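Undergrad: mmCIF, C-alpha atoms; chains and numbers go by the auth columns, saved as upload23.cif, coming up:
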data_model
#
loop_
_atom_site.group_PDB
_atom_site.id
_atom_site.type_symbol
_atom_site.label_atom_id
_atom_site.label_comp_id
_atom_site.label_asym_id
_atom_site.label_seq_id
_atom_site.Cartn_x
_atom_site.Cartn_y
_atom_site.Cartn_z
_atom_site.B_iso_or_equiv
_atom_site.auth_seq_id
_atom_site.auth_asym_id
ATOM 1 C CA MET A 1 -17.059 -12.935 -6.188 0.00 214 F
ATOM 2 C CA THR A 2 -16.145 -9.299 -6.897 0.00 215 F
ATOM 3 C CA ARG A 3 -18.960 -7.035 -8.043 0.00 216 F
ATOM 4 C CA VAL A 4 -18.086 -5.252 -11.295 0.00 217 F
ATOM 5 C CA HIS A 5 -19.744 -1.952 -12.084 0.00 218 F
ATOM 6 C CA LYS A 6 -19.383 0.692 -14.762 0.00 219 F
ATOM 7 C CA VAL A 7 -18.180 4.108 -13.619 0.00 220 F
ATOM 8 C CA LYS A 8 -19.400 7.114 -15.590 0.00 221 F
ATOM 9 C CA MET A 9 -16.495 9.550 -15.647 0.00 222 F
ATOM 10 C CA ASN A 10 -16.162 12.494 -18.019 0.00 223 F
ATOM 11 C CA THR A 11 -12.862 13.182 -19.789 0.00 224 F
ATOM 12 C CA ALA A 12 -11.646 15.835 -17.328 0.00 225 F
ATOM 13 C CA ALA A 13 -12.434 13.599 -14.341 0.00 226 F
ATOM 14 C CA THR A 14 -10.735 10.613 -15.962 0.00 227 F
ATOM 15 C CA ARG A 15 -7.626 12.685 -16.632 0.00 228 F
ATOM 16 C CA ILE A 16 -7.386 13.788 -12.985 0.00 229 F
ATOM 17 C CA TRP A 17 -8.237 10.359 -11.524 0.00 230 F
ATOM 18 C CA GLU A 18 -5.674 8.548 -13.700 0.00 231 F
ATOM 19 C CA HIS A 19 -2.895 10.867 -12.474 0.00 232 F
ATOM 20 C CA ILE A 20 -3.541 9.930 -8.842 0.00 233 F
ATOM 21 C CA PRO A 21 -1.422 6.932 -7.770 0.00 234 F
ATOM 22 C CA GLN A 22 -3.397 3.708 -7.156 0.00 235 F
ATOM 23 C CA THR A 23 -2.504 3.621 -3.447 0.00 236 F
ATOM 24 C CA VAL A 24 -3.810 7.179 -3.017 0.00 237 F
ATOM 25 C CA GLN A 25 -6.968 6.331 -4.996 0.00 238 F
ATOM 26 C CA ASN A 26 -7.569 3.426 -2.600 0.00 239 F
ATOM 27 C CA ASN A 27 -7.103 5.725 0.423 0.00 240 F
ATOM 28 C CA ILE A 28 -9.527 8.279 -1.040 0.00 241 F
ATOM 29 C CA LEU A 29 -12.197 5.619 -1.599 0.00 242 F
ATOM 30 C CA ALA A 30 -11.642 3.981 1.794 0.00 243 F
ATOM 31 C CA ASN A 31 -12.206 7.202 3.766 0.00 244 F
ATOM 32 C CA VAL A 32 -15.618 8.602 2.857 0.00 245 F
ATOM 33 C CA TRP A 33 -18.129 9.824 5.444 0.00 246 F
ATOM 34 C CA CYS A 34 -21.522 8.058 5.370 0.00 247 F
ATOM 35 C CA CYS A 35 -24.333 9.904 7.173 0.00 248 F
ATOM 36 C CA ASN A 36 -26.298 6.661 7.517 0.00 249 F
ATOM 37 C CA CYS A 37 -23.443 4.615 9.018 0.00 250 F
ATOM 38 C CA ARG A 38 -22.156 7.686 10.915 0.00 251 F
ATOM 39 C CA SER A 39 -18.594 6.677 10.194 0.00 252 F
ATOM 40 C CA SER A 40 -15.860 6.653 7.595 0.00 253 F
ATOM 41 C CA VAL A 41 -16.591 3.909 5.054 0.00 254 F
ATOM 42 C CA HIS A 42 -15.428 2.545 1.715 0.00 255 F
ATOM 43 C CA MET A 43 -17.066 4.141 -1.331 0.00 256 F
ATOM 44 C CA VAL A 44 -18.037 2.455 -4.596 0.00 257 F
ATOM 45 C CA ILE A 45 -17.760 5.113 -7.328 0.00 258 F
ATOM 46 C CA GLU A 46 -20.684 5.514 -9.724 0.00 259 F
ATOM 47 C CA THR A 47 -19.874 8.861 -11.359 0.00 260 F
ATOM 48 C CA ALA A 48 -17.136 11.470 -11.364 0.00 261 F
ATOM 49 C CA GLU A 49 -17.010 14.989 -12.702 0.00 262 F
ATOM 50 C CA VAL A 50 -14.880 18.096 -12.407 0.00 263 F
ATOM 51 C CA LEU A 51 -16.133 21.428 -11.084 0.00 264 F
ATOM 52 C CA LYS A 52 -13.488 24.025 -11.968 0.00 265 F
ATOM 53 C CA THR A 53 -10.401 22.105 -10.753 0.00 266 F
ATOM 54 C CA THR A 54 -12.086 19.957 -8.092 0.00 267 F
ATOM 55 C CA LEU A 55 -12.859 16.280 -8.681 0.00 268 F
ATOM 56 C CA ILE A 56 -16.303 15.265 -7.392 0.00 269 F
ATOM 57 C CA LEU A 57 -16.805 11.520 -6.819 0.00 270 F
ATOM 58 C CA LYS A 58 -20.362 10.244 -6.325 0.00 271 F
ATOM 59 C CA GLY A 59 -21.303 6.724 -5.383 0.00 272 F
ATOM 60 C CA LYS A 60 -22.573 4.318 -2.745 0.00 273 F
ATOM 61 C CA CYS A 61 -21.442 3.355 0.723 0.00 274 F
ATOM 62 C CA LYS A 62 -20.068 -0.178 0.506 0.00 275 F
ATOM 63 C CA ALA A 63 -21.618 -1.031 3.897 0.00 276 F
ATOM 64 C CA CYS A 64 -25.200 0.259 3.575 0.00 277 F
ATOM 65 C CA ASP A 65 -25.617 1.376 -0.083 0.00 278 F
ATOM 66 C CA ASN A 66 -26.374 4.968 0.986 0.00 279 F
ATOM 67 C CA ASN A 67 -25.423 7.774 -1.429 0.00 280 F
ATOM 68 C CA VAL A 68 -22.012 9.232 -0.568 0.00 281 F
ATOM 69 C CA TYR A 69 -19.763 11.880 -2.108 0.00 282 F
ATOM 70 C CA ARG A 70 -16.064 12.657 -2.011 0.00 283 F
ATOM 71 C CA VAL A 71 -14.396 15.910 -3.005 0.00 284 F
ATOM 72 C CA VAL A 72 -10.776 15.739 -4.182 0.00 285 F
ATOM 73 C CA GLU A 73 -9.212 19.185 -4.399 0.00 286 F
ATOM 74 C CA PRO A 74 -6.011 19.789 -6.384 0.00 287 F
ATOM 75 C CA GLY A 75 -2.954 19.078 -4.256 0.00 288 F
ATOM 76 C CA ASN A 76 -4.989 17.131 -1.649 0.00 289 F
ATOM 77 C CA GLU A 77 -4.954 13.796 -3.389 0.00 290 F
#
Give the structure from this file in structure tokens form.

TA:
Amino acid sequence: MTRVHKVKMNTAATRIWEHIPQTVQNNILANVWCCNCRSSVHMVIETAEVLKTTLILKGKCKACDNNVYRVVEPGNE
């Protein structure tokens, strides 16, 4: 059974995230560094916000539930 969760994303973050193609979104979420696992892992987004023009994704490591973050800079998505 798939776990459903609510993502808290402000308007600016939603606007940026929705303009990123689904395949690229999946790649972004599948390649997040986890300090606990010491490897690249899949991220489960909890919140997203924009700092200037940079999208900041915050969430949990899918493997160990550790807090992880992903920065998506304009043009690097």

Undergrad: State, in Å with one decimal place, the distance from CA of Met256 (chain F) to CA of Gly272 (chain F).

TA: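 Going from CA of Met256 (chain F) over to CA of Gly272 (chain F), I get 6.4 Å.
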
Undergrad: Check what the PyMOL selection byres ((chain F and resi 248) around 12) selects in the file above and give those residues as a JSON list (two decimals) with C-alpha atoms, in the coordinates of the input.

TA:
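Saved as expr-v4.json:
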[["chain", "number", "residue", "atom", "x", "y", "z"],
["F", 245, "VAL", "CA", -15.62, 8.60, 2.86],
["F", 246, "TRP", "CA", -18.13, 9.82, 5.44],
["F", 247, "CYS", "CA", -21.52, 8.06, 5.37],
["F", 249, "ASN", "CA", -26.30, 6.66, 7.52],
["F", 250, "CYS", "CA", -23.44, 4.62, 9.02],
["F", 251, "ARG", "CA", -22.16, 7.69, 10.92],
["F", 252, "SER", "CA", -18.59, 6.68, 10.19],
["F", 253, "SER", "CA", -15.86, 6.65, 7.60],
["F", 254, "VAL", "CA", -16.59, 3.91, 5.05],
["F", 273, "LYS", "CA", -22.57, 4.32, -2.74],
["F", 274, "CYS", "CA", -21.44, 3.36, 0.72],
["F", 276, "ALA", "CA", -21.62, -1.03, 3.90],
["F", 277, "CYS", "CA", -25.20, 0.26, 3.58],
["F", 278, "ASP", "CA", -25.62, 1.38, -0.08],
["F", 279, "ASN", "CA", -26.37, 4.97, 0.99],
["F", 280, "ASN", "CA", -25.42, 7.77, -1.43],
["F", 281, "VAL", "CA", -22.01, 9.23, -0.57],
["F", 282, "TYR", "CA", -19.76, 11.88, -2.11]]

Undergrad: Interatomic distance between CA of Lys275 (chain F) and CA of Met222 (chain F)?

TA: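 If I compute the distance from CA of Lys275 (chain F) to CA of Met222 (chain F), I get 19.2 Å.
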
Undergrad: Please measure the separation of CA of Leu268 (chain F) and CA of Ala225 (chain F), giving the value in Å to one decimal.

TA: 8.7 Å

Undergrad: Would you kindly identify which residues have an atom no farther than 7 Å from (-14.1, 15.0, -5.9), using all atoms listed in the file and the file's own coordinates, and write them out as a short mmCIF file (atom, residue, chain, number, x, y, z; two decimals) with C-alpha atoms, in the coordinates of the input?

TA:
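out_24.cif, freshly written:
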data_model
loop_
_atom_site.label_atom_id
_atom_site.label_comp_id
_atom_site.auth_asym_id
_atom_site.auth_seq_id
_atom_site.Cartn_x
_atom_site.Cartn_y
_atom_site.Cartn_z
CA THR F 267 -12.09 19.96 -8.09
CA LEU F 268 -12.86 16.28 -8.68
CA ILE F 269 -16.30 15.26 -7.39
CA LEU F 270 -16.80 11.52 -6.82
CA ARG F 283 -16.06 12.66 -2.01
CA VAL F 284 -14.40 15.91 -3.00
CA VAL F 285 -10.78 15.74 -4.18
CA GLU F 286 -9.21 19.18 -4.40
#

Undergrad: Report as AutoDock Vina command-line options the centre and the edge lengths, in Å to one decimal, of the axis-aligned box holding every listed atom of region 272-287 of chain F, padded by 3 Å on each side.

TA:
--center_x -16.2 --center_y 9.4 --center_z -1.2 --size_x 26.4 --size_y 26.8 --size_z 16.3

Undergrad: Where does the PyMOL selection byres ((chain F and resi 241) around 9) land in this file, that is, which residues does it pick, as a PyMOL selection string?

TA: chain F and resi 236-240+242-245+255-256+283+285+290

Undergrad: May I have the residues within 8 Å of Val220 (chain F) as a ChimeraX atom specification, using all atoms listed in the file and disregarding those fewer than 6 positions away in the same chain?

TA: /F:258-261
